[in-house]
Structures are given as C-alpha cells and as structure tokens.
>>> print(open('structure_12.csv').read())   # CSV, C-alpha atoms
chain,number,residue,atom,x,y,z
O,25,MET,CA,31.9,24.4,-26.5
O,26,LYS,CA,29.3,24.3,-29.3
O,27,SER,CA,29.7,20.5,-29.7
O,28,ALA,CA,29.3,20.1,-25.9
O,29,PHE,CA,26.1,22.0,-26.1
O,30,ILE,CA,24.8,19.9,-29.0
O,31,ALA,CA,25.8,16.7,-27.1
O,32,ALA,CA,23.9,17.9,-24.0
O,33,CYS,CA,20.8,18.6,-26.2
O,34,LEU,CA,21.0,15.1,-27.8
O,35,LEU,CA,21.4,13.5,-24.4
O,36,THR,CA,18.4,15.5,-23.2
O,37,ALA,CA,16.4,14.4,-26.2
O,38,ALA,CA,17.5,10.8,-25.8
O,39,SER,CA,16.5,10.7,-22.2
O,40,ALA,CA,13.3,12.6,-22.6
O,41,GLN,CA,10.2,10.5,-22.3
O,42,ALA,CA,6.7,11.9,-22.3
O,43,ALA,CA,5.1,11.4,-18.9
O,44,ASP,CA,2.2,8.9,-19.0
O,45,ARG,CA,-1.3,10.3,-19.5
O,46,GLU,CA,-2.2,9.3,-16.0
O,47,PHE,CA,0.7,11.3,-14.5
O,48,ASN,CA,-0.5,14.4,-16.4
O,49,GLU,CA,-4.1,13.7,-15.4
O,50,VAL,CA,-3.2,13.5,-11.7
O,51,VAL,CA,-1.3,16.8,-12.1
O,52,ARG,CA,-4.2,18.4,-13.9
O,53,VAL,CA,-6.7,17.2,-11.2
O,54,ILE,CA,-4.6,18.8,-8.4
O,55,SER,CA,-4.0,22.0,-10.5
O,56,ASP,CA,-7.7,22.4,-11.2
O,57,GLU,CA,-8.7,21.7,-7.7
O,58,PHE,CA,-6.4,24.4,-6.2
O,59,HIS,CA,-6.3,26.7,-9.2
O,60,THR,CA,-2.6,26.6,-9.3
O,61,ARG,CA,0.3,25.1,-11.3
O,62,PRO,CA,3.2,22.9,-10.3
O,63,THR,CA,6.3,24.7,-9.1
O,64,SER,CA,8.8,25.1,-11.9
O,65,ILE,CA,12.0,23.1,-11.3
O,66,PRO,CA,14.8,24.6,-13.3
O,67,LEU,CA,16.9,22.2,-15.3
O,68,PHE,CA,15.0,19.2,-14.2
O,69,GLY,CA,15.7,17.6,-17.6
O,70,LEU,CA,19.3,17.3,-16.5
O,71,VAL,CA,18.2,15.1,-13.7
O,72,ASN,CA,16.9,12.6,-16.2
O,73,ILE,CA,20.2,12.7,-18.1
O,74,PHE,CA,21.9,11.7,-14.9
O,75,THR,CA,19.2,9.2,-14.0
O,76,ALA,CA,19.3,7.5,-17.4
O,77,ALA,CA,23.1,7.2,-17.2
O,78,VAL,CA,23.6,6.3,-13.5
O,79,ARG,CA,20.2,4.7,-12.7
O,80,PRO,CA,20.3,5.6,-9.0
O,81,ALA,CA,18.6,3.0,-6.9
O,82,GLY,CA,17.4,1.2,-10.1
O,83,THR,CA,15.5,4.3,-11.4
O,84,ARG,CA,15.8,5.1,-15.1
O,85,HIS,CA,13.4,7.9,-15.5
O,86,ILE,CA,11.6,10.4,-13.2
O,87,ASP,CA,8.7,12.7,-13.9
O,88,LEU,CA,8.0,15.1,-11.0
O,89,ALA,CA,5.5,17.7,-10.2
O,90,VAL,CA,5.6,19.6,-7.0
O,91,PHE,CA,2.8,21.9,-5.7
O,92,GLU,CA,3.6,24.3,-2.9
O,93,HIS,CA,1.6,26.8,-0.8
O,94,LEU,CA,-1.7,25.0,-1.3
O,95,SER,CA,-4.6,26.5,0.6
O,96,ASP,CA,-8.2,25.5,1.3
O,97,ARG,CA,-9.2,29.0,0.3
O,98,ASP,CA,-8.2,28.3,-3.3
O,99,ARG,CA,-10.0,25.0,-3.6
O,100,GLN,CA,-12.7,24.3,-6.1
O,101,GLY,CA,-14.3,22.1,-3.6
O,102,ARG,CA,-15.0,19.0,-5.5
O,103,ASN,CA,-14.2,15.5,-4.3
O,104,LEU,CA,-10.5,15.3,-4.9
O,105,SER,CA,-10.2,11.7,-3.9
O,106,GLU,CA,-12.6,10.5,-6.6
O,107,ALA,CA,-11.0,12.7,-9.1
O,108,LEU,CA,-7.6,11.2,-8.4
O,109,LEU,CA,-9.0,7.7,-8.6
O,110,ASN,CA,-10.6,8.4,-12.0
O,111,ALA,CA,-7.4,10.1,-13.2
O,112,VAL,CA,-5.3,7.0,-12.4
O,113,GLY,CA,-7.7,4.7,-14.2
O,114,ARG,CA,-7.7,0.9,-14.3
O,115,SER,CA,-4.4,0.2,-16.1
O,116,TRP,CA,-2.5,1.0,-13.0
O,117,LYS,CA,-2.6,-1.5,-10.1
O,118,PRO,CA,-3.2,0.1,-6.7
O,119,PHE,CA,-0.3,-1.0,-4.5
O,120,VAL,CA,-0.1,0.8,-1.2
O,121,GLN,CA,-2.0,3.7,0.3
O,122,VAL,CA,-1.0,5.4,3.5
O,123,ARG,CA,-3.1,8.1,5.2
O,124,SER,CA,-1.7,9.5,8.4
O,125,ARG,CA,-3.3,12.2,10.5
O,126,ARG,CA,-0.9,12.4,13.4
O,127,ASN,CA,-0.1,15.5,15.4
O,128,GLY,CA,-2.5,17.5,13.3
O,129,HIS,CA,-0.3,16.8,10.3
O,130,GLU,CA,-2.3,15.2,7.5
O,131,GLU,CA,-0.4,13.1,4.9
O,132,THR,CA,-1.6,10.8,2.2
O,133,VAL,CA,0.5,8.7,-0.1
O,134,LEU,CA,-1.0,6.7,-2.9
O,135,VAL,CA,1.2,4.4,-4.9
O,136,TYR,CA,0.1,2.7,-8.1
O,137,MET,CA,2.2,0.5,-10.4
O,138,ARG,CA,2.2,-0.7,-14.0
O,139,GLN,CA,4.5,-3.0,-15.9
O,140,GLN,CA,6.3,-1.8,-19.0
O,141,GLY,CA,8.3,-4.7,-20.6
O,142,SER,CA,10.9,-5.8,-18.1
O,143,GLU,CA,10.6,-2.5,-16.2
O,144,TRP,CA,7.9,-1.1,-13.9
O,145,LYS,CA,6.4,2.2,-13.5
O,146,LEU,CA,5.4,3.6,-10.1
O,147,LEU,CA,3.0,6.5,-9.9
O,148,VAL,CA,3.2,8.1,-6.4
O,149,THR,CA,0.9,10.9,-5.3
O,150,ALA,CA,1.6,12.5,-1.9
O,151,VAL,CA,-0.7,15.1,-0.5
O,152,GLU,CA,0.1,17.0,2.6
O,153,ARG,CA,-1.5,20.0,4.3
O,154,ASP,CA,-0.1,22.7,2.1
O,155,GLU,CA,1.8,20.8,-0.6
O,156,ALA,CA,1.5,17.9,-3.0
O,157,THR,CA,3.9,15.9,-5.0
O,158,VAL,CA,3.3,13.7,-8.0
O,159,VAL,CA,6.1,11.5,-9.2
O,160,GLN,CA,6.3,8.8,-11.8
O,161,LEU,CA,9.3,6.5,-11.6
O,162,LEU,CA,10.6,4.0,-14.2
O,163,LEU,CA,12.2,1.2,-12.2
O,164,ASN,CA,14.1,-1.9,-12.9
O,165,ALA,CA,12.9,-5.1,-11.3
O,166,ASP,CA,15.6,-4.9,-8.6
O,167,ALA,CA,14.4,-1.5,-7.4
O,168,LEU,CA,10.7,-2.6,-7.6
O,169,ALA,CA,11.6,-5.6,-5.4
O,170,ARG,CA,12.7,-3.2,-2.7
O,171,TRP,CA,9.3,-1.6,-2.8
O,172,LEU,CA,7.5,-4.9,-2.8
O,173,ALA,CA,9.5,-6.2,0.1
O,174,SER,CA,8.4,-3.4,2.4
O,175,PRO,CA,5.8,-1.3,0.6
O,176,GLU,CA,4.6,0.7,3.5
O,177,ARG,CA,8.1,1.7,4.7
O,178,CYS,CA,9.1,2.6,1.1
O,179,ALA,CA,6.0,4.8,0.7
O,180,ARG,CA,6.7,6.7,3.9
O,181,HIS,CA,10.5,6.9,3.3
O,182,TRP,CA,9.9,8.2,-0.3
O,183,ASN,CA,7.5,10.9,0.8
O,184,GLY,CA,9.8,11.9,3.6
O,185,GLU,CA,12.7,12.3,1.2
O,186,MET,CA,10.8,14.2,-1.4
O,187,THR,CA,9.2,16.7,0.9
O,188,GLU,CA,12.2,17.5,3.0
C,8,MET,CA,-6.7,21.6,3.5
C,9,LYS,CA,-8.8,18.7,4.4
C,10,PHE,CA,-8.8,16.1,1.7
C,11,ALA,CA,-11.6,13.6,1.3
C,12,ILE,CA,-9.0,11.0,1.1
C,13,PRO,CA,-10.6,8.6,3.6
C,14,VAL,CA,-13.3,7.9,1.0
C,15,LEU,CA,-10.7,7.1,-1.6
C,16,LEU,CA,-9.1,4.5,0.6
C,17,GLY,CA,-12.5,2.9,1.1
C,18,ILE,CA,-13.4,2.7,-2.5
C,19,LEU,CA,-10.2,1.4,-3.9
C,20,PRO,CA,-10.7,-1.7,-6.0
C,21,LEU,CA,-10.2,-4.9,-4.0
C,22,ALA,CA,-10.4,-7.4,-6.8
C,23,GLY,CA,-8.8,-10.7,-6.0
C,24,GLN,CA,-9.5,-10.6,-2.3
C,25,ASP,CA,-11.4,-13.5,-0.7
C,26,ILE,CA,-13.1,-11.1,1.6
C,27,LYS,CA,-14.8,-7.7,1.0
C,28,MET,CA,-14.2,-4.8,3.3
C,29,PRO,CA,-17.5,-3.9,4.8
C,30,ALA,CA,-18.8,-0.4,4.1
C,31,ASN,CA,-19.0,0.3,7.8
C,32,LEU,CA,-15.3,0.2,8.0
C,33,ASP,CA,-15.2,3.4,5.8
C,34,ARG,CA,-16.6,5.2,8.8
C,35,LEU,CA,-13.6,4.2,10.9
C,36,GLU,CA,-11.3,5.7,8.4
C,37,ALA,CA,-12.5,9.2,9.4
C,38,LYS,CA,-11.7,8.4,13.0
C,39,ALA,CA,-8.3,6.7,12.4
C,40,SER,CA,-5.1,8.6,12.9
C,41,GLU,CA,-3.5,6.3,10.3
C,42,VAL,CA,-4.9,3.9,7.7
C,43,VAL,CA,-2.7,1.7,5.6
C,44,ASN,CA,-3.8,-0.4,2.6
C,45,VAL,CA,-1.5,-2.8,0.9
C,46,GLN,CA,-2.5,-4.9,-2.1
C,47,LEU,CA,-0.1,-7.3,-3.8
C,48,ASP,CA,-1.3,-9.7,-6.5
C,49,GLY,CA,0.3,-13.1,-7.4
C,50,ALA,CA,2.5,-11.7,-10.1
C,51,LEU,CA,4.0,-9.0,-7.8
C,52,ILE,CA,4.5,-11.5,-5.0
C,53,GLN,CA,6.4,-13.8,-7.3
C,54,LEU,CA,8.4,-10.9,-8.6
C,55,ALA,CA,9.3,-9.9,-5.1
C,56,SER,CA,10.3,-13.4,-4.1
C,57,ARG,CA,12.8,-13.6,-6.9
C,58,PHE,CA,15.0,-11.1,-5.0
C,59,LEU,CA,14.9,-13.0,-1.7
C,60,SER,CA,18.1,-14.7,-1.0
C,61,ASP,CA,18.4,-18.5,-0.9
C,62,LYS,CA,21.4,-18.2,1.3
C,63,ASP,CA,19.8,-16.2,4.1
C,64,PRO,CA,17.7,-18.7,6.1
C,65,ASP,CA,15.1,-16.2,7.0
C,66,GLU,CA,14.7,-14.9,3.4
C,67,ALA,CA,14.8,-18.5,2.0
C,68,ASN,CA,12.0,-19.5,4.3
C,69,VAL,CA,9.9,-16.5,3.2
C,70,LYS,CA,10.6,-17.3,-0.4
C,71,ARG,CA,9.3,-20.8,0.1
C,72,LEU,CA,6.2,-19.6,1.9
C,73,VAL,CA,5.2,-17.1,-0.7
C,74,GLY,CA,5.7,-19.5,-3.5
C,75,GLY,CA,2.1,-20.6,-3.5
C,76,LEU,CA,0.5,-17.2,-2.8
C,77,LYS,CA,-1.8,-15.5,-5.2
C,78,GLY,CA,-2.5,-12.3,-3.2
C,79,ILE,CA,-1.7,-10.4,-0.1
C,80,TYR,CA,-4.1,-7.7,1.1
C,81,VAL,CA,-3.6,-5.8,4.3
C,82,LYS,CA,-5.7,-3.0,5.8
C,83,SER,CA,-4.9,-1.5,9.1
C,84,PHE,CA,-6.3,1.3,11.2
C,85,GLU,CA,-4.6,3.0,14.1
C,86,PHE,CA,-6.4,5.3,16.5
C,87,ASP,CA,-5.0,8.0,18.8
C,88,GLU,CA,-7.8,7.2,21.4
C,89,ARG,CA,-8.9,3.9,22.8
C,90,ASP,CA,-12.2,2.3,21.8
C,91,GLN,CA,-12.9,4.2,18.7
C,92,TYR,CA,-14.6,1.2,17.1
C,93,ASN,CA,-17.1,-1.4,18.3
C,94,LYS,CA,-17.1,-5.1,18.0
C,95,SER,CA,-20.0,-4.7,15.6
C,96,ASP,CA,-17.8,-2.8,13.2
C,97,VAL,CA,-15.9,-6.0,12.5
C,98,GLU,CA,-19.0,-8.4,12.7
C,99,GLU,CA,-19.8,-7.9,9.1
C,100,LEU,CA,-16.3,-9.0,8.3
C,101,ARG,CA,-16.5,-12.0,10.5
C,102,ALA,CA,-19.8,-12.9,8.9
C,103,GLN,CA,-18.0,-13.6,5.6
C,104,LEU,CA,-15.6,-16.0,7.3
C,105,ARG,CA,-18.1,-18.7,8.0
C,106,ALA,CA,-18.4,-22.4,7.2
C,107,PRO,CA,-18.3,-24.3,4.9
C,108,ALA,CA,-15.5,-22.4,3.2
C,109,TRP,CA,-14.0,-20.8,6.2
C,110,ALA,CA,-13.1,-22.1,9.6
C,111,ARG,CA,-11.8,-20.2,12.6
C,112,ILE,CA,-8.8,-22.0,13.8
C,113,VAL,CA,-7.2,-19.7,16.4
C,114,GLY,CA,-8.6,-17.2,18.7
C,115,ALA,CA,-5.9,-15.7,20.9
C,116,SER,CA,-6.4,-12.9,23.3
C,117,SER,CA,-4.3,-11.0,25.8
C,118,LYS,CA,-6.5,-9.6,28.6
C,119,LYS,CA,-3.5,-7.6,29.8
C,120,LYS,CA,-3.0,-5.8,26.5
C,121,GLY,CA,-6.6,-6.0,25.4
C,122,GLU,CA,-5.5,-7.5,22.2
C,123,ASN,CA,-7.4,-10.2,20.3
C,124,SER,CA,-6.2,-12.2,17.3
C,125,GLU,CA,-8.3,-14.5,15.1
C,126,VAL,CA,-7.1,-16.7,12.3
C,127,TYR,CA,-9.4,-18.1,9.8
C,128,LEU,CA,-8.6,-20.7,7.2
C,129,LYS,CA,-10.2,-21.2,3.8
C,130,THR,CA,-10.3,-24.7,2.3
C,131,GLU,CA,-11.5,-25.9,-1.0
C,132,GLY,CA,-11.5,-29.6,-1.9
C,133,GLY,CA,-9.3,-30.4,1.1
C,134,GLN,CA,-6.7,-27.8,0.1
C,135,ILE,CA,-5.9,-24.6,1.9
C,136,THR,CA,-6.7,-21.7,-0.4
C,137,GLY,CA,-6.6,-18.7,1.8
C,138,LEU,CA,-6.1,-17.3,5.2
C,139,ALA,CA,-7.6,-14.3,7.0
C,140,VAL,CA,-6.4,-12.7,10.2
C,141,ILE,CA,-8.2,-10.1,12.3
C,142,VAL,CA,-6.2,-8.4,15.0
C,143,THR,CA,-8.0,-6.0,17.3
C,144,ASP,CA,-6.7,-4.0,20.2
C,145,PRO,CA,-8.1,-0.9,21.8
C,146,LYS,CA,-6.2,1.4,19.5
C,147,GLU,CA,-5.7,-0.7,16.4
C,148,LEU,CA,-7.6,-2.9,13.9
C,149,THR,CA,-5.7,-4.9,11.3
C,150,ILE,CA,-7.2,-7.2,8.7
C,151,ILE,CA,-5.0,-9.5,6.6
C,152,ASN,CA,-6.2,-11.6,3.7
C,153,ILE,CA,-3.7,-14.0,2.1
C,154,VAL,CA,-4.9,-15.8,-1.0
C,155,GLY,CA,-3.3,-19.1,-1.9
C,156,SER,CA,-1.6,-22.0,-0.3
C,157,ILE,CA,-0.4,-21.1,3.2
C,158,ARG,CA,-0.3,-22.8,6.6
C,159,PRO,CA,-1.6,-20.8,9.6
C,160,GLU,CA,1.7,-21.2,11.4
C,161,ASP,CA,3.5,-19.5,8.5
C,162,ILE,CA,1.8,-16.2,9.1
C,163,ARG,CA,4.3,-15.4,11.9
C,164,ASP,CA,7.3,-15.9,9.6
C,165,LEU,CA,5.7,-13.7,6.9
C,166,GLY,CA,5.3,-10.8,9.4
C,167,GLY,CA,7.5,-7.9,8.4
C,168,HIS,CA,7.6,-8.9,4.7
C,169,MET,CA,5.5,-7.7,1.8
C,170,GLY,CA,3.4,-5.4,3.8
C,171,ILE,CA,2.3,-8.0,6.3
C,172,PRO,CA,2.6,-6.6,9.9
C,173,LYS,CA,4.4,-8.7,12.5
C,174,ILE,CA,1.7,-10.5,14.4
C,175,ASP,CA,2.4,-12.3,17.6
C,176,ILE,CA,0.1,-15.3,17.5
C,177,GLY,CA,1.8,-17.8,19.7
C,178,PRO,CA,0.9,-20.5,22.2
C,179,ASP,CA,1.9,-18.2,25.0
C,180,LYS,CA,-0.8,-15.8,24.1
C,181,LYS,CA,-3.6,-18.3,23.7
C,182,ASP,CA,-6.3,-18.0,26.3
C,183,LYS,CA,-7.9,-21.3,26.8
C,184,LYS,CA,-11.3,-19.8,27.2
C,185,ASP,CA,-11.0,-18.0,23.9
C,186,LYS,CA,-9.0,-20.6,22.1
C,187,ASP,CA,-11.7,-21.6,19.7
C,188,LYS,CA,-11.5,-24.8,17.8
C,189,GLU,CA,-15.1,-25.6,17.9
C,190,ASP,CA,-15.6,-24.0,14.5
C,191,ASP,CA,-12.9,-26.1,13.1
C,192,LYS,CA,-14.7,-28.3,10.7
>>> encode(input="structure_12.csv", output="structure tokens")
Amino acid sequence: MKSAFIAACLLTAASAQAADREFNEVVRVISDEFHTRPTSIPLFGLVNIFTAAVRPAGTRHIDLAVFEHLSDRDRQGRNLSEALLNAVGRSWKPFVQVRSRRNGHEETVLVYMRQQGSEWKLLVTAVERDEATVVQLLLNADALARWLASPERCARHWNGEMTE
Amino acid sequence: MKFAIPVLLGILPLAGQDIKMPANLDRLEAKASEVVNVQLDGALIQLASRFLSDKDPDEANVKRLVGGLKGIYVKSFEFDERDQYNKSDVEELRAQLRAPAWARIVGASSKKKGENSEVYLKTEGGQITGLAVIVTDPKELTIINIVGSIRPEDIRDLGGHMGIPKIDIGPDKKDKKDKDKEDDK
C-alpha cells in the first residue's frame, strides 16, 4: 500500500508541469476583477496522470481554472478585455475568437496558441454570464490539426463540453 | 455581467493581413449577436495541411490549394435584426481594395436573398498574392482575407476548411448588372 502511494506521488510529480505565466496571469486578471478565486477541483492532479499516460485526443497536459457564480456586483469595473489581452502577451498567437450574444446568453471564447518543441499549447479563455473557464492544453500536432481544420467549431465544441 | 469583450475583438493584432479592419467595424461588434475572428498564419496553415489526406479527393484538393498560402484571416458578424449596418460601414474596407494592387473580379448578388458577394484579387509582378472576399446580407457581414497564391475559383473549395465559411459564389448567382469586371486591370 505504501509503495503504491509513493508510486502515485512520483507519477504526480512526473506529470506536474507549472502552468505558463500567461495562464496564471489570465486567472489572476479574472480573480482580481471579480474578487473571487477559482473553484477548487479536488484531485485534479490525477487528471494529469491519466492525461500524460493516455493522451486523450492528443492532449498531454491540462491546466484548468473554473470560476463560478460570478456577478456584476462583485466587479472591480476595469476594462477586462484589455486586461486579458495584456495578460496573454505577444508570445501567444491569437487564433480564434468567438463572441456570441444569442438569446440573452453572452459567451466569449478566446483561443491563443504557442509552439513548444514539437508540441503546441492552446490557451483557451471562455467567459459566460456567471462563470468563466481558463484552460491551457498541451497538444500533439495531430490534435492541433483538428483545431486548425475547423477552429470555430472546435472553440464552440470545447466550451460546450467544459461548461456542461 | 457585461464584459467589454467587443472591444477586445476589435483590437486584436492583425499582423500579416493585407487589409486592415476599419475602426468603424468595431461599432458593429456591439450590435452583432455573434462575432467570429479566425487568424491562421502560414506556419499553422502548413501544419494543418500535413494532416489532410492525399487519398480523399476533397482533402487532397484542399491540401494542394493551401500549399501556397501565407495567411487566412476571417471576420464575420451576425445580427439578430436586419439592416444593422450601412453600406458606408464597409466602404472604408473597400477603399483599401483599389488599383493598382487590387482588382475587383467578381460582384455577385442575389436580389431574392439580399446577399452580395465581392471578390478582390491582389497581384504583384503578375503573380496573385492575395484575395479578399466581402459577403454582405441583411443579417450578416463576412470579410475574408487570404494571403498567398490562390485562384479566385478556389475559394469555394476552401469553404468549410480552416475557418473559411462556405461561400456560394457561382455563375448561377451572378447578376449581369452587378457582375463587375470593369475594375479588372
């Protein structure tokens, strides 16, 4: 039992990667704006053990921050859009942005990408009426190609999956 | 929670594009029910093309077409109500697509649907180096800029790939009155 626990810890350490500065910056911007913190996701580290081993849909690593119950009343009131843009910086390429305001439901998905060796990082920020999600994915080229082939559909599909 | 995201979409960097999005289009973003912005540079296009099959005739054709492309930039607005923008809103855009670099080669319109499509070609030293498409209808405005070597007739085959919407620009839709080749050269 003890050896299994040590093995799990080692696997966790092996799969652990610090999120990029820009991911943390985007999370900080949203946190500061709404005076809140991301929802804690128990055992999320285990997801990355699984992801590193199985690589679902070509994804090797995931960093995720979810904000729930956001409210206008808690807002600091600064220009969030500019703050997000500054947080992402120039080392990430803007890739696809979708802003939808249908049926009174506002939704914005911003996707940036950056190459890391033979792999690619996607930084996706999705903001809805009362929640926001920031995710950074480390993808192989095959997975990235799926995004490239149909970027708008992938952005919508991704946000739908994450916010369900 | 009303984010000031429309501003963000307007100020995103557009390096590499042949044409610049006029500032007056920012105003439309506030009215639009949906705004989509896609930006693919040459490296990403070539990466994406590596995964297109040579065996599938459709994918093989797309792979061939994107071989000479250096950038794909798409911006589209959808509106819930009709006539949320004026012709003058896209005039500043059209003003950039003038001779000698640019020539309007197709003007197709459907009076029934109220849809109007214009295709502009950019040439340098006798070589095609870019293409721009403006599609307007009462509830939509789409601007496409493709940088690189591409033939106008290929735009239809690229529709549905790499963020390029399907555009129906065909002989059946050309209105002789509007078909404009006078700008050609």
>>> closest_residue(input="structure_12.csv", among="C:Leu51, C:Asp33, C:Lys27, C:Ala67", to="chain O", atoms="only C-alpha atoms")
C:Leu51
>>> interface_residues(input="structure_12.csv", of="chain O", to="chain C", cutoff="9 Å", atoms="all atoms listed in the file", output="JSON list (two decimals) with C-alpha atoms, in the frame of the given file")
[["chain", "number", "residue", "atom", "x", "y", "z"],
["O", 94, "LEU", "CA", -1.70, 25.00, -1.30],
["O", 95, "SER", "CA", -4.60, 26.50, 0.60],
["O", 96, "ASP", "CA", -8.20, 25.50, 1.30],
["O", 97, "ARG", "CA", -9.20, 29.00, 0.30],
["O", 99, "ARG", "CA", -10.00, 25.00, -3.60],
["O", 103, "ASN", "CA", -14.20, 15.50, -4.30],
["O", 104, "LEU", "CA", -10.50, 15.30, -4.90],
["O", 105, "SER", "CA", -10.20, 11.70, -3.90],
["O", 106, "GLU", "CA", -12.60, 10.50, -6.60],
["O", 108, "LEU", "CA", -7.60, 11.20, -8.40],
["O", 109, "LEU", "CA", -9.00, 7.70, -8.60],
["O", 117, "LYS", "CA", -2.60, -1.50, -10.10],
["O", 118, "PRO", "CA", -3.20, 0.10, -6.70],
["O", 119, "PHE", "CA", -0.30, -1.00, -4.50],
["O", 120, "VAL", "CA", -0.10, 0.80, -1.20],
["O", 121, "GLN", "CA", -2.00, 3.70, 0.30],
["O", 122, "VAL", "CA", -1.00, 5.40, 3.50],
["O", 123, "ARG", "CA", -3.10, 8.10, 5.20],
["O", 124, "SER", "CA", -1.70, 9.50, 8.40],
["O", 125, "ARG", "CA", -3.30, 12.20, 10.50],
["O", 126, "ARG", "CA", -0.90, 12.40, 13.40],
["O", 127, "ASN", "CA", -0.10, 15.50, 15.40],
["O", 130, "GLU", "CA", -2.30, 15.20, 7.50],
["O", 132, "THR", "CA", -1.60, 10.80, 2.20],
["O", 151, "VAL", "CA", -0.70, 15.10, -0.50],
["O", 152, "GLU", "CA", 0.10, 17.00, 2.60],
["O", 153, "ARG", "CA", -1.50, 20.00, 4.30],
["O", 154, "ASP", "CA", -0.10, 22.70, 2.10],
["O", 165, "ALA", "CA", 12.90, -5.10, -11.30],
["O", 166, "ASP", "CA", 15.60, -4.90, -8.60],
["O", 168, "LEU", "CA", 10.70, -2.60, -7.60],
["O", 169, "ALA", "CA", 11.60, -5.60, -5.40],
["O", 170, "ARG", "CA", 12.70, -3.20, -2.70],
["O", 171, "TRP", "CA", 9.30, -1.60, -2.80],
["O", 172, "LEU", "CA", 7.50, -4.90, -2.80],
["O", 173, "ALA", "CA", 9.50, -6.20, 0.10],
["O", 174, "SER", "CA", 8.40, -3.40, 2.40],
["O", 175, "PRO", "CA", 5.80, -1.30, 0.60],
["O", 176, "GLU", "CA", 4.60, 0.70, 3.50],
["O", 177, "ARG", "CA", 8.10, 1.70, 4.70]]
>>> atom_distance(input="structure_12.csv", atom1="atom CA of Ser142 of chain O", atom2="atom CA of Glu66 of chain C")
23.7 Å
>>> atom_distance(input="structure_12.csv", atom1="atom CA of Val73 of chain C", atom2="atom CA of Gly155 of chain C")
8.8 Å
>>> atom_distance(input="structure_12.csv", atom1="atom CA of Ala150 of chain O", atom2="atom CA of Arg114 of chain O")
19.4 Å
>>> residues_around(input="structure_12.csv", residues="segment 125-140 of chain C", least_positions_apart="5", cutoff="10 Å", atoms="only C-alpha atoms", output="PyMOL selection string")
chain C and resi 24-26+75-81+101+104-116+149-160+162+174+176+185-187+190-191
>>> residues_near_point(input="structure_12.csv", point="(2.7, -2.0, -15.9)", cutoff="12 Å", atoms="all atoms listed in the file", output="JSON, numbers by chain")
{"O": [44, 114, 115, 116, 117, 118, 119, 136, 137, 138, 139, 140, 141, 142, 143, 144, 145, 146, 147, 161, 162, 163, 164, 165, 168], "C": [50, 51]}
>>> closest_residue(input="structure_12.csv", among="O:Arg45, O:His59, O:Arg84, O:Arg52", to="Asp98 of chain O", atoms="all atoms listed in the file")
O:His59
>>> residues_around(input="structure_12.csv", residues="Phe47 of chain O", least_positions_apart="2", cutoff="9 Å", atoms="all atoms listed in the file", output="list in words")
Ala43, Asp44, Arg45, Glu49, Val50, Val51, Arg52, Asp87, Leu88, Ala111, Val112, Leu147, Val158, Val159 and Gln160 of chain O
>>> closest_residue(input="structure_12.csv", among="C:Val142, C:Ala102, C:Asp164, C:Ser95", to="Asn68 of chain C", atoms="all atoms listed in the file")
C:Asp164
>>> closest_residue(input="structure_12.csv", among="O:Asn110, O:Glu131, O:Ala89, O:Leu70", to="Asn48 of chain O", atoms="all atoms listed in the file")
O:Ala89
>>> closest_residue(input="structure_12.csv", among="O:Val148, O:Cys178, O:His85, O:Asp56", to="Phe68 of chain O", atoms="all atoms listed in the file")
O:His85
>>> axis_aligned_box(input="structure_12.csv", around="segment 93-98 of chain O", padding_each_side="8 Å", output="AutoDock Vina command-line options")
--center_x -3.8 --center_y 27.0 --center_z -1.0 --size_x 26.8 --size_y 20.0 --size_z 20.6
